[in-house]
>>> print(open('input-v6.pdb').read())   # PDB, C-alpha atoms, pLDDT in the B column
ATOM      1  CA  MET A   1      -6.541 -18.938  39.712  1.00 79.00           C
ATOM      2  CA  LYS A   2      -3.206 -17.154  39.331  1.00 82.00           C
ATOM      3  CA  LYS A   3      -0.581 -18.852  37.177  1.00 92.00           C
ATOM      4  CA  ASN A   4       2.857 -19.737  38.570  1.00 93.00           C
ATOM      5  CA  LEU A   5       5.802 -17.894  37.047  1.00 97.00           C
ATOM      6  CA  SER A   6       9.429 -18.973  36.719  1.00 97.00           C
ATOM      7  CA  ILE A   7      12.489 -16.999  35.607  1.00 97.00           C
ATOM      8  CA  VAL A   8      14.920 -19.113  33.571  1.00 97.00           C
ATOM      9  CA  GLU A   9      18.464 -18.796  34.896  1.00 94.00           C
ATOM     10  CA  VAL A  10      20.938 -18.832  32.005  1.00 89.00           C
ATOM     11  CA  ASN A  11      24.096 -18.055  34.000  1.00 78.00           C
ATOM     12  CA  MET A  12      24.152 -14.548  32.523  1.00 70.00           C
ATOM     13  CA  GLY A  13      22.612 -11.349  33.831  1.00 70.00           C
ATOM     14  CA  ASN A  14      21.257  -9.892  37.051  1.00 73.00           C
ATOM     15  CA  LEU A  15      18.114 -11.902  37.674  1.00 88.00           C
ATOM     16  CA  SER A  16      17.466 -10.333  41.059  1.00 88.00           C
ATOM     17  CA  SER A  17      16.545  -7.003  39.444  1.00 92.00           C
ATOM     18  CA  ILE A  18      13.855  -8.742  37.367  1.00 95.00           C
ATOM     19  CA  ARG A  19      12.503 -10.603  40.369  1.00 94.00           C
ATOM     20  CA  ASN A  20      12.486  -7.391  42.412  1.00 95.00           C
ATOM     21  CA  SER A  21      10.486  -5.635  39.682  1.00 96.00           C
ATOM     22  CA  LEU A  22       7.962  -8.473  39.770  1.00 97.00           C
ATOM     23  CA  LEU A  23       7.760  -8.272  43.557  1.00 96.00           C
ATOM     24  CA  ARG A  24       6.967  -4.551  43.281  1.00 96.00           C
ATOM     25  CA  LEU A  25       3.965  -5.618  41.225  1.00 97.00           C
ATOM     26  CA  GLY A  26       2.949  -8.184  43.812  1.00 96.00           C
ATOM     27  CA  VAL A  27       4.137 -11.288  41.961  1.00 96.00           C
ATOM     28  CA  SER A  28       6.700 -13.789  43.222  1.00 95.00           C
ATOM     29  CA  ALA A  29       8.794 -15.892  40.861  1.00 95.00           C
ATOM     30  CA  ASP A  30      11.217 -18.778  41.195  1.00 93.00           C
ATOM     31  CA  ILE A  31      14.620 -18.602  39.491  1.00 95.00           C
ATOM     32  CA  THR A  32      15.548 -21.984  38.038  1.00 95.00           C
ATOM     33  CA  ASN A  33      17.698 -23.827  35.513  1.00 96.00           C
ATOM     34  CA  VAL A  34      16.108 -27.219  36.171  1.00 97.00           C
ATOM     35  CA  ALA A  35      14.259 -28.855  33.279  1.00 97.00           C
ATOM     36  CA  GLU A  36      11.474 -30.222  35.501  1.00 97.00           C
ATOM     37  CA  ASP A  37      10.738 -26.731  36.842  1.00 96.00           C
ATOM     38  CA  ILE A  38      10.534 -25.356  33.312  1.00 96.00           C
ATOM     39  CA  GLU A  39       8.120 -28.116  32.332  1.00 95.00           C
ATOM     40  CA  ASN A  40       5.882 -27.425  35.339  1.00 96.00           C
ATOM     41  CA  ALA A  41       5.789 -23.634  34.996  1.00 97.00           C
ATOM     42  CA  ASP A  42       2.660 -21.929  33.665  1.00 98.00           C
ATOM     43  CA  VAL A  43       4.563 -18.802  32.592  1.00 98.00           C
ATOM     44  CA  LEU A  44       8.246 -18.218  31.807  1.00 98.00           C
ATOM     45  CA  ILE A  45      10.525 -15.200  31.615  1.00 98.00           C
ATOM     46  CA  LEU A  46      13.770 -15.823  29.715  1.00 97.00           C
ATOM     47  CA  PRO A  47      16.280 -13.028  30.380  1.00 95.00           C
ATOM     48  CA  GLY A  48      19.964 -12.809  29.511  1.00 87.00           C
ATOM     49  CA  VAL A  49      22.955 -10.646  28.669  1.00 86.00           C
ATOM     50  CA  GLY A  50      26.250 -11.536  27.003  1.00 87.00           C
ATOM     51  CA  SER A  51      27.073 -14.045  24.285  1.00 93.00           C
ATOM     52  CA  PHE A  52      24.370 -15.808  22.264  1.00 96.00           C
ATOM     53  CA  GLY A  53      26.468 -18.936  21.683  1.00 95.00           C
ATOM     54  CA  GLU A  54      27.553 -19.284  25.294  1.00 94.00           C
ATOM     55  CA  CYS A  55      23.976 -18.911  26.470  1.00 95.00           C
ATOM     56  CA  MET A  56      22.729 -21.586  24.051  1.00 96.00           C
ATOM     57  CA  ASN A  57      25.536 -23.898  25.168  1.00 95.00           C
ATOM     58  CA  PHE A  58      24.414 -23.397  28.769  1.00 95.00           C
ATOM     59  CA  LEU A  59      20.789 -24.199  27.892  1.00 96.00           C
ATOM     60  CA  LYS A  60      21.916 -27.333  26.043  1.00 97.00           C
ATOM     61  CA  ALA A  61      24.139 -28.452  28.924  1.00 96.00           C
ATOM     62  CA  LYS A  62      21.228 -28.064  31.343  1.00 96.00           C
ATOM     63  CA  GLN A  63      18.892 -29.862  28.897  1.00 97.00           C
ATOM     64  CA  LEU A  64      16.551 -26.862  28.797  1.00 98.00           C
ATOM     65  CA  VAL A  65      16.169 -26.415  25.037  1.00 98.00           C
ATOM     66  CA  GLU A  66      13.410 -28.957  24.502  1.00 98.00           C
ATOM     67  CA  PRO A  67      11.444 -27.968  27.639  1.00 98.00           C
ATOM     68  CA  LEU A  68      11.525 -24.342  26.483  1.00 98.00           C
ATOM     69  CA  ARG A  69      10.404 -25.275  22.965  1.00 98.00           C
ATOM     70  CA  ARG A  70       7.634 -27.501  24.331  1.00 98.00           C
ATOM     71  CA  HIS A  71       6.433 -24.730  26.674  1.00 98.00           C
ATOM     72  CA  ALA A  72       6.234 -22.201  23.854  1.00 98.00           C
ATOM     73  CA  LEU A  73       5.381 -24.193  20.721  1.00 98.00           C
ATOM     74  CA  GLU A  74       3.451 -27.249  21.877  1.00 98.00           C
ATOM     75  CA  LEU A  75       1.739 -26.207  25.095  1.00 98.00           C
ATOM     76  CA  ARG A  76       1.530 -22.572  23.948  1.00 98.00           C
ATOM     77  CA  LYS A  77       2.089 -21.197  27.421  1.00 98.00           C
ATOM     78  CA  PRO A  78       3.144 -17.535  27.809  1.00 98.00           C
ATOM     79  CA  ILE A  79       6.849 -16.750  27.577  1.00 98.00           C
ATOM     80  CA  LEU A  80       8.650 -13.388  27.656  1.00 98.00           C
ATOM     81  CA  GLY A  81      12.209 -13.024  26.354  1.00 98.00           C
ATOM     82  CA  ILE A  82      14.229 -10.038  27.574  1.00 97.00           C
ATOM     83  CA  CYS A  83      17.304  -8.695  25.710  1.00 96.00           C
ATOM     84  CA  LEU A  84      19.447 -11.764  24.895  1.00 96.00           C
ATOM     85  CA  GLY A  85      16.476 -13.874  25.941  1.00 97.00           C
ATOM     86  CA  MET A  86      14.489 -12.366  23.079  1.00 98.00           C
ATOM     87  CA  GLN A  87      17.352 -13.015  20.647  1.00 98.00           C
ATOM     88  CA  LEU A  88      17.384 -16.674  21.670  1.00 98.00           C
ATOM     89  CA  PHE A  89      13.869 -16.957  20.182  1.00 98.00           C
ATOM     90  CA  ALA A  90      15.432 -16.703  16.689  1.00 98.00           C
ATOM     91  CA  ASP A  91      16.594 -19.537  14.443  1.00 98.00           C
ATOM     92  CA  CYS A  92      20.221 -18.424  14.580  1.00 98.00           C
ATOM     93  CA  SER A  93      22.670 -15.629  15.403  1.00 98.00           C
ATOM     94  CA  GLU A  94      25.738 -14.377  13.522  1.00 96.00           C
ATOM     95  CA  GLU A  95      27.494 -13.413  16.773  1.00 94.00           C
ATOM     96  CA  HIS A  96      31.010 -14.982  16.757  1.00 90.00           C
ATOM     97  CA  GLY A  97      30.029 -17.212  13.850  1.00 91.00           C
ATOM     98  CA  ILE A  98      26.654 -18.834  13.266  1.00 94.00           C
ATOM     99  CA  SER A  99      24.943 -20.315  16.324  1.00 95.00           C
ATOM    100  CA  ASP A 100      21.574 -22.037  16.380  1.00 97.00           C
ATOM    101  CA  GLY A 101      18.848 -20.505  18.558  1.00 98.00           C
ATOM    102  CA  LEU A 102      15.671 -21.926  20.040  1.00 98.00           C
ATOM    103  CA  GLY A 103      13.770 -21.525  16.774  1.00 98.00           C
ATOM    104  CA  LEU A 104      10.619 -20.152  18.378  1.00 98.00           C
ATOM    105  CA  ILE A 105      10.113 -17.225  15.980  1.00 98.00           C
ATOM    106  CA  PRO A 106      11.702 -17.563  12.503  1.00 98.00           C
ATOM    107  CA  GLY A 107      14.487 -15.050  11.946  1.00 98.00           C
ATOM    108  CA  ARG A 108      18.126 -14.302  12.653  1.00 98.00           C
ATOM    109  CA  ILE A 109      20.198 -12.090  14.928  1.00 98.00           C
ATOM    110  CA  VAL A 110      22.520  -9.655  13.123  1.00 97.00           C
ATOM    111  CA  LYS A 111      25.101  -7.133  14.264  1.00 97.00           C
ATOM    112  CA  LEU A 112      24.498  -3.398  14.487  1.00 96.00           C
ATOM    113  CA  CYS A 113      26.545  -1.839  11.673  1.00 92.00           C
ATOM    114  CA  PRO A 114      25.926   1.932  11.577  1.00 91.00           C
ATOM    115  CA  ASP A 115      27.427   3.967   8.739  1.00 87.00           C
ATOM    116  CA  SER A 116      28.098   6.947  10.996  1.00 84.00           C
ATOM    117  CA  THR A 117      30.276   7.293  14.107  1.00 84.00           C
ATOM    118  CA  GLU A 118      27.344   9.203  15.568  1.00 85.00           C
ATOM    119  CA  TYR A 119      25.865   5.835  16.503  1.00 89.00           C
ATOM    120  CA  ARG A 120      27.595   3.701  19.102  1.00 91.00           C
ATOM    121  CA  VAL A 121      27.933  -0.059  19.274  1.00 94.00           C
ATOM    122  CA  PRO A 122      26.713  -1.284  21.632  1.00 95.00           C
ATOM    123  CA  ASN A 123      23.594   0.855  21.522  1.00 96.00           C
ATOM    124  CA  MET A 124      23.356   1.788  25.180  1.00 96.00           C
ATOM    125  CA  GLY A 125      20.902   4.090  26.913  1.00 97.00           C
ATOM    126  CA  TRP A 126      17.339   5.325  26.671  1.00 98.00           C
ATOM    127  CA  CYS A 127      15.609   4.967  23.300  1.00 97.00           C
ATOM    128  CA  ASP A 128      12.177   6.000  22.092  1.00 96.00           C
ATOM    129  CA  VAL A 129      10.238   2.878  21.205  1.00 96.00           C
ATOM    130  CA  ASN A 130       7.592   3.272  18.519  1.00 95.00           C
ATOM    131  CA  ILE A 131       4.653   0.897  18.802  1.00 94.00           C
ATOM    132  CA  CYS A 132       3.762  -0.736  15.461  1.00 91.00           C
ATOM    133  CA  LYS A 133       0.512  -2.394  16.429  1.00 87.00           C
ATOM    134  CA  SER A 134      -1.849  -2.851  19.303  1.00 85.00           C
ATOM    135  CA  SER A 135      -1.045  -5.912  21.378  1.00 88.00           C
ATOM    136  CA  PRO A 136      -1.623  -7.249  24.895  1.00 90.00           C
ATOM    137  CA  LEU A 137       1.667  -5.693  26.012  1.00 90.00           C
ATOM    138  CA  PHE A 138       1.464  -2.449  24.023  1.00 88.00           C
ATOM    139  CA  PRO A 139      -2.002  -0.860  24.180  1.00 78.00           C
ATOM    140  CA  LEU A 140      -2.623   1.236  21.082  1.00 69.00           C
ATOM    141  CA  LYS A 141      -3.007   4.425  23.115  1.00 60.00           C
ATOM    142  CA  HIS A 142       0.706   4.256  23.932  1.00 65.00           C
ATOM    143  CA  LEU A 143       2.160   5.135  20.533  1.00 76.00           C
ATOM    144  CA  GLN A 144       5.639   5.764  21.929  1.00 86.00           C
ATOM    145  CA  GLU A 145       7.454   4.788  25.127  1.00 91.00           C
ATOM    146  CA  THR A 146      11.046   5.199  26.290  1.00 96.00           C
ATOM    147  CA  PHE A 147      12.986   2.164  27.496  1.00 97.00           C
ATOM    148  CA  TYR A 148      16.577   1.320  28.422  1.00 98.00           C
ATOM    149  CA  PHE A 149      18.687  -0.649  25.910  1.00 98.00           C
ATOM    150  CA  VAL A 150      22.096  -2.338  25.897  1.00 96.00           C
ATOM    151  CA  HIS A 151      22.751  -4.377  22.751  1.00 97.00           C
ATOM    152  CA  SER A 152      25.153  -4.904  19.842  1.00 96.00           C
ATOM    153  CA  TYR A 153      22.868  -7.220  17.851  1.00 97.00           C
ATOM    154  CA  TYR A 154      19.209  -7.132  16.874  1.00 97.00           C
ATOM    155  CA  PHE A 155      16.442  -9.451  15.683  1.00 98.00           C
ATOM    156  CA  GLN A 156      15.556  -9.621  11.976  1.00 98.00           C
ATOM    157  CA  PRO A 157      12.353 -11.706  11.878  1.00 98.00           C
ATOM    158  CA  GLU A 158      11.359 -13.463   8.641  1.00 97.00           C
ATOM    159  CA  ASP A 159       7.813 -12.209   9.034  1.00 97.00           C
ATOM    160  CA  LYS A 160       7.748  -8.475   9.745  1.00 94.00           C
ATOM    161  CA  GLY A 161       4.214  -8.953  11.031  1.00 95.00           C
ATOM    162  CA  VAL A 162       5.581 -10.295  14.333  1.00 97.00           C
ATOM    163  CA  THR A 163       7.309  -6.955  15.027  1.00 96.00           C
ATOM    164  CA  SER A 164       5.273  -5.066  17.611  1.00 95.00           C
ATOM    165  CA  ALA A 165       7.694  -2.178  18.263  1.00 96.00           C
ATOM    166  CA  VAL A 166      10.807  -0.594  16.739  1.00 97.00           C
ATOM    167  CA  ILE A 167      13.496   1.952  17.495  1.00 97.00           C
ATOM    168  CA  ARG A 168      15.048   4.344  14.995  1.00 96.00           C
ATOM    169  CA  TYR A 169      18.807   3.712  14.760  1.00 94.00           C
ATOM    170  CA  ALA A 170      21.250   4.860  12.063  1.00 94.00           C
ATOM    171  CA  GLY A 171      18.453   5.714   9.661  1.00 92.00           C
ATOM    172  CA  GLN A 172      16.533   2.472   9.909  1.00 93.00           C
ATOM    173  CA  ASP A 173      13.867   0.885  12.065  1.00 96.00           C
ATOM    174  CA  LEU A 174      15.218  -1.930  14.209  1.00 97.00           C
ATOM    175  CA  THR A 175      13.131  -4.509  16.016  1.00 98.00           C
ATOM    176  CA  ALA A 176      12.547  -3.576  19.640  1.00 98.00           C
ATOM    177  CA  ALA A 177       9.803  -6.108  20.364  1.00 97.00           C
ATOM    178  CA  VAL A 178       8.268  -9.182  18.764  1.00 97.00           C
ATOM    179  CA  GLU A 179       5.019 -10.998  19.397  1.00 97.00           C
ATOM    180  CA  SER A 180       3.758 -14.305  18.034  1.00 97.00           C
ATOM    181  CA  GLU A 181       0.691 -15.729  19.757  1.00 96.00           C
ATOM    182  CA  ASN A 182       1.880 -16.690  23.284  1.00 97.00           C
ATOM    183  CA  MET A 183       5.499 -15.607  22.680  1.00 98.00           C
ATOM    184  CA  PHE A 184       6.723 -12.099  23.452  1.00 98.00           C
ATOM    185  CA  GLY A 185      10.240 -10.676  23.244  1.00 98.00           C
ATOM    186  CA  VAL A 186      11.767  -7.279  23.924  1.00 98.00           C
ATOM    187  CA  GLN A 187      15.262  -6.000  23.194  1.00 98.00           C
ATOM    188  CA  PHE A 188      15.079  -3.441  26.003  1.00 98.00           C
ATOM    189  CA  HIS A 189      15.370  -4.029  29.743  1.00 97.00           C
ATOM    190  CA  PRO A 190      12.006  -3.397  31.444  1.00 97.00           C
ATOM    191  CA  GLU A 191      13.618  -3.994  34.843  1.00 96.00           C
ATOM    192  CA  LYS A 192      15.892  -0.982  34.186  1.00 96.00           C
ATOM    193  CA  SER A 193      13.250   1.203  32.555  1.00 97.00           C
ATOM    194  CA  GLN A 194      11.614   2.679  35.652  1.00 96.00           C
ATOM    195  CA  GLU A 195       7.858   3.313  35.439  1.00 95.00           C
ATOM    196  CA  ALA A 196       7.580   2.426  31.745  1.00 95.00           C
ATOM    197  CA  GLY A 197       9.262  -0.886  32.443  1.00 96.00           C
ATOM    198  CA  LEU A 198       6.987  -1.681  35.368  1.00 96.00           C
ATOM    199  CA  ASN A 199       3.938  -0.833  33.264  1.00 94.00           C
ATOM    200  CA  PHE A 200       5.173  -3.168  30.553  1.00 96.00           C
ATOM    201  CA  LEU A 201       5.791  -6.029  32.996  1.00 97.00           C
ATOM    202  CA  GLU A 202       2.374  -5.437  34.532  1.00 96.00           C
ATOM    203  CA  SER A 203       0.778  -5.798  31.085  1.00 96.00           C
ATOM    204  CA  PHE A 204       2.582  -9.100  30.569  1.00 97.00           C
ATOM    205  CA  LEU A 205       1.574 -10.388  34.015  1.00 97.00           C
ATOM    206  CA  LYS A 206      -2.059  -9.516  33.343  1.00 96.00           C
ATOM    207  CA  TYR A 207      -1.959 -11.226  29.952  1.00 96.00           C
ATOM    208  CA  ALA A 208      -0.378 -14.304  31.529  1.00 96.00           C
ATOM    209  CA  GLN A 209      -2.941 -14.296  34.352  1.00 96.00           C
ATOM    210  CA  CYS A 210      -0.299 -13.894  37.048  1.00 95.00           C
ATOM    211  CA  LEU A 211      -2.123 -10.866  38.495  1.00 90.00           C
TER     212      LEU A 211
END
>>> encode(input="input-v6.pdb", output="C-alpha cells")
Amino acid sequence: MKKNLSIVEVNMGNLSSIRNSLLRLGVSADITNVAEDIENADVLILPGVGSFGECMNFLKAKQLVEPLRRHALELRKPILGICLGMQLFADCSEEHGISDGLGLIPGRIVKLCPDSTEYRVPNMGWCDVNICKSSPLFPLKHLQETFYFVHSYYFQPEDKGVTSAVIRYAGQDLTAAVESENMFGVQFHPEKSQEAGLNFLESFLKYAQCL
C-alpha cells in the first residue's frame, strides 16, 4: 500500500514547483501547515528558503515543532528536508544571532565565509555533488551528480558519518546532503535540478514507499 505524502508549508518558498515535480513522477501530495495533518502523514517533505529564525518562529506559531519531531524521532517515519528545510534539522543556526532548530540531527548551521572573492555568497548555481557513501537516495554507482544550489549557510553536523554528499567550495568540502536513519536532508533544490533532481526525488519516493 502506497504511503501518503505531505509537504510542510512554512510560509517561505515556491511549494508548487516541488508538488509539480512529484506529480511528474506520478505522486500527489498535500501542502499543509496544520499540526493534525503532519501527525497523520506517513511521509513528509520539509522545504524552505529565506531566514532560519523566521521559519522556526512560523513553525512554533503553527505548533508544528513537536509534530515534526515526533514524526522523525519517535515514529521514525521518512522525512526529507530541502535547502532551508534541511538546515532546520540542526540544533541551531548562527544566522542573525543564534536560533534553535528542530534538533533532529545534531549540528549547527554556519555562514559561508570564503577567503577569496572568486567565491560568491550566496553560493548560487549548478554545483558538482560528490557522493560520500551509498545510501537509499544516492546509489553508489552515481559517484557525482550536478544539482542547483542557492544558499549562504551550510550544515556542520556533529557526526560526519551522517554526511552523504558534499560540494567543493573555497577549498573545503561542505555538506550537501545528510542522512540519519529515516531522516534525509539536501542543501540543493531537486525541484530545480532537472533530470538529476527528478531522479533524486524518485529515489526518495521509492524509499518512502510512495511509488
>>> atom_distance(input="input-v6.pdb", atom1="CA of Met12 (chain A)", atom2="CA of Val166 (chain A)")
24.9 Å
>>> residues_around(input="input-v6.pdb", residues="Asn57 (chain A)", least_positions_apart="6", cutoff="12 Å", atoms="only C-alpha atoms", output="PDB file with C-alpha atoms, in the frame of the given file")
ATOM      1  CA  VAL A  10      20.938 -18.832  32.005  1.00 89.00           C
ATOM      2  CA  ASN A  11      24.096 -18.055  34.000  1.00 78.00           C
ATOM      3  CA  MET A  12      24.152 -14.548  32.523  1.00 70.00           C
ATOM      4  CA  SER A  51      27.073 -14.045  24.285  1.00 93.00           C
ATOM      5  CA  GLN A  63      18.892 -29.862  28.897  1.00 97.00           C
ATOM      6  CA  LEU A  64      16.551 -26.862  28.797  1.00 98.00           C
ATOM      7  CA  VAL A  65      16.169 -26.415  25.037  1.00 98.00           C
ATOM      8  CA  LEU A  88      17.384 -16.674  21.670  1.00 98.00           C
ATOM      9  CA  SER A  99      24.943 -20.315  16.324  1.00 95.00           C
ATOM     10  CA  ASP A 100      21.574 -22.037  16.380  1.00 97.00           C
ATOM     11  CA  GLY A 101      18.848 -20.505  18.558  1.00 98.00           C
ATOM     12  CA  LEU A 102      15.671 -21.926  20.040  1.00 98.00           C
TER      13      LEU A 102
END
>>> closest_residue(input="input-v6.pdb", among="A:Tyr148, A:Tyr169, A:Tyr207, A:Phe200", to="Arg120 (chain A)", atoms="all atoms listed in the file")
A:Tyr169
>>> closest_residue(input="input-v6.pdb", among="A:Ser17, A:Thr175, A:Asn4, A:Ser180", to="Ala29 (chain A)", atoms="all atoms listed in the file")
A:Asn4
>>> closest_residue(input="input-v6.pdb", among="A:Gln87, A:Asn182, A:Ser116, A:Ser193", to="Val129 (chain A)", atoms="only C-alpha atoms")
A:Ser193
>>> residues_around(input="input-v6.pdb", residues="Asp173 (chain A)", least_positions_apart="2", cutoff="12 Å", atoms="all atoms listed in the file", output="PDB file with C-alpha atoms, in the frame of the given file")
ATOM      1  CA  LEU A 112      24.498  -3.398  14.487  1.00 96.00           C
ATOM      2  CA  ASP A 128      12.177   6.000  22.092  1.00 96.00           C
ATOM      3  CA  VAL A 129      10.238   2.878  21.205  1.00 96.00           C
ATOM      4  CA  ASN A 130       7.592   3.272  18.519  1.00 95.00           C
ATOM      5  CA  ILE A 131       4.653   0.897  18.802  1.00 94.00           C
ATOM      6  CA  CYS A 132       3.762  -0.736  15.461  1.00 91.00           C
ATOM      7  CA  TYR A 154      19.209  -7.132  16.874  1.00 97.00           C
ATOM      8  CA  PHE A 155      16.442  -9.451  15.683  1.00 98.00           C
ATOM      9  CA  GLN A 156      15.556  -9.621  11.976  1.00 98.00           C
ATOM     10  CA  LYS A 160       7.748  -8.475   9.745  1.00 94.00           C
ATOM     11  CA  THR A 163       7.309  -6.955  15.027  1.00 96.00           C
ATOM     12  CA  SER A 164       5.273  -5.066  17.611  1.00 95.00           C
ATOM     13  CA  ALA A 165       7.694  -2.178  18.263  1.00 96.00           C
ATOM     14  CA  VAL A 166      10.807  -0.594  16.739  1.00 97.00           C
ATOM     15  CA  ILE A 167      13.496   1.952  17.495  1.00 97.00           C
ATOM     16  CA  ARG A 168      15.048   4.344  14.995  1.00 96.00           C
ATOM     17  CA  TYR A 169      18.807   3.712  14.760  1.00 94.00           C
ATOM     18  CA  ALA A 170      21.250   4.860  12.063  1.00 94.00           C
ATOM     19  CA  GLY A 171      18.453   5.714   9.661  1.00 92.00           C
ATOM     20  CA  THR A 175      13.131  -4.509  16.016  1.00 98.00           C
ATOM     21  CA  ALA A 176      12.547  -3.576  19.640  1.00 98.00           C
ATOM     22  CA  ALA A 177       9.803  -6.108  20.364  1.00 97.00           C
TER      23      ALA A 177
END
>>> residues_around(input="input-v6.pdb", residues="Pro122 (chain A)", least_positions_apart="5", cutoff="12 Å", atoms="only C-alpha atoms", output="ChimeraX atom specification")
/A:50,111-114,117,149-154,169
>>> write_last_selection(input="input-v6.pdb", atoms="C-alpha atoms", output="short mmCIF file (atom, residue, chain, number, x, y, z; two decimals), in the frame of the given file")
data_model
loop_
_atom_site.label_atom_id
_atom_site.label_comp_id
_atom_site.auth_asym_id
_atom_site.auth_seq_id
_atom_site.Cartn_x
_atom_site.Cartn_y
_atom_site.Cartn_z
CA GLY A 50 26.25 -11.54 27.00
CA LYS A 111 25.10 -7.13 14.26
CA LEU A 112 24.50 -3.40 14.49
CA CYS A 113 26.54 -1.84 11.67
CA PRO A 114 25.93 1.93 11.58
CA THR A 117 30.28 7.29 14.11
CA PHE A 149 18.69 -0.65 25.91
CA VAL A 150 22.10 -2.34 25.90
CA HIS A 151 22.75 -4.38 22.75
CA SER A 152 25.15 -4.90 19.84
CA TYR A 153 22.87 -7.22 17.85
CA TYR A 154 19.21 -7.13 16.87
CA TYR A 169 18.81 3.71 14.76
#
>>> atom_distance(input="input-v6.pdb", atom1="CA of Gly125 (chain A)", atom2="CA of Leu143 (chain A)")
19.8 Å
>>> closest_residue(input="input-v6.pdb", among="A:Val27, A:Met1, A:Leu80, A:Leu22", to="Gln187 (chain A)", atoms="all atoms listed in the file")
A:Leu80
>>> atom_distance(input="input-v6.pdb", atom1="CA of Gln194 (chain A)", atom2="CA of Ser134 (chain A)")
21.9 Å
>>> residues_around(input="input-v6.pdb", residues="Leu75 (chain A)", least_positions_apart="5", cutoff="10 Å", atoms="all atoms listed in the file", output="number ranges by chain")
A: 39, 42, 69-70, 182
>>> closest_residue(input="input-v6.pdb", among="A:Met124, A:Leu104, A:Ala196, A:Ala72", to="Phe138 (chain A)", atoms="only C-alpha atoms")
A:Ala196
>>> closest_residue(input="input-v6.pdb", among="A:Leu59, A:Ser28, A:His71, A:Leu15", to="Asn40 (chain A)", atoms="all atoms listed in the file")
A:His71
>>> resolve_selection(input="input-v6.pdb", expression="the PyMOL selection byres ((chain A and resi 84) around 7)", output="count of residues only")
10
>>> decode(input="input-v6.pdb", residues="region 128-170 of chain A", atoms="C-alpha atoms", output="PDB file, in the first residue's frame")
ATOM      1  CA  ASP A 128      29.030  19.095  -8.684  1.00  0.00           C
ATOM      2  CA  VAL A 129      27.902  16.978  -5.761  1.00  0.00           C
ATOM      3  CA  ASN A 130      30.290  14.243  -4.670  1.00  0.00           C
ATOM      4  CA  ILE A 131      28.647  11.213  -3.097  1.00  0.00           C
ATOM      5  CA  CYS A 132      30.387  10.110   0.125  1.00  0.00           C
ATOM      6  CA  LYS A 133      28.609   6.830   0.697  1.00  0.00           C
ATOM      7  CA  SER A 134      25.997   4.572  -0.762  1.00  0.00           C
ATOM      8  CA  SER A 135      22.526   5.320   0.546  1.00  0.00           C
ATOM      9  CA  PRO A 136      18.890   4.829  -0.468  1.00  0.00           C
ATOM     10  CA  LEU A 137      18.922   8.230  -2.176  1.00  0.00           C
ATOM     11  CA  PHE A 138      22.435   8.094  -3.646  1.00  0.00           C
ATOM     12  CA  PRO A 139      23.217   4.714  -5.237  1.00  0.00           C
ATOM     13  CA  LEU A 140      26.951   4.062  -5.155  1.00  0.00           C
ATOM     14  CA  LYS A 141      27.175   3.910  -8.947  1.00  0.00           C
ATOM     15  CA  HIS A 142      26.439   7.642  -9.060  1.00  0.00           C
ATOM     16  CA  LEU A 143      29.716   8.991  -7.690  1.00  0.00           C
ATOM     17  CA  GLN A 144      28.980  12.551  -8.801  1.00  0.00           C
ATOM     18  CA  GLU A 145      25.830  14.451  -9.773  1.00  0.00           C
ATOM     19  CA  THR A 146      25.154  18.103 -10.565  1.00  0.00           C
ATOM     20  CA  PHE A 147      22.409  19.950  -8.698  1.00  0.00           C
ATOM     21  CA  TYR A 148      21.188  23.534  -8.337  1.00  0.00           C
ATOM     22  CA  PHE A 149      22.080  25.445  -5.144  1.00  0.00           C
ATOM     23  CA  VAL A 150      21.122  28.770  -3.562  1.00  0.00           C
ATOM     24  CA  HIS A 151      22.477  29.198  -0.031  1.00  0.00           C
ATOM     25  CA  SER A 152      24.539  31.450   2.247  1.00  0.00           C
ATOM     26  CA  TYR A 153      24.776  28.980   5.144  1.00  0.00           C
ATOM     27  CA  TYR A 154      25.593  25.292   5.420  1.00  0.00           C
ATOM     28  CA  PHE A 155      25.177  22.374   7.820  1.00  0.00           C
ATOM     29  CA  GLN A 156      28.073  21.327  10.074  1.00  0.00           C
ATOM     30  CA  PRO A 157      26.906  18.030  11.619  1.00  0.00           C
ATOM     31  CA  GLU A 158      28.489  16.822  14.874  1.00  0.00           C
ATOM     32  CA  ASP A 159      28.883  13.357  13.411  1.00  0.00           C
ATOM     33  CA  LYS A 160      30.498  13.494   9.973  1.00  0.00           C
ATOM     34  CA  GLY A 161      29.153   9.998   9.388  1.00  0.00           C
ATOM     35  CA  VAL A 162      25.701  11.438   8.623  1.00  0.00           C
ATOM     36  CA  THR A 163      27.111  13.346   5.624  1.00  0.00           C
ATOM     37  CA  SER A 164      26.115  11.507   2.459  1.00  0.00           C
ATOM     38  CA  ALA A 165      27.299  14.084  -0.109  1.00  0.00           C
ATOM     39  CA  VAL A 166      29.483  17.200  -0.305  1.00  0.00           C
ATOM     40  CA  ILE A 167      30.385  20.033  -2.639  1.00  0.00           C
ATOM     41  CA  ARG A 168      33.823  21.588  -3.013  1.00  0.00           C
ATOM     42  CA  TYR A 169      33.667  25.301  -2.132  1.00  0.00           C
ATOM     43  CA  ALA A 170      36.541  27.679  -1.330  1.00  0.00           C
TER      44      ALA A 170
END
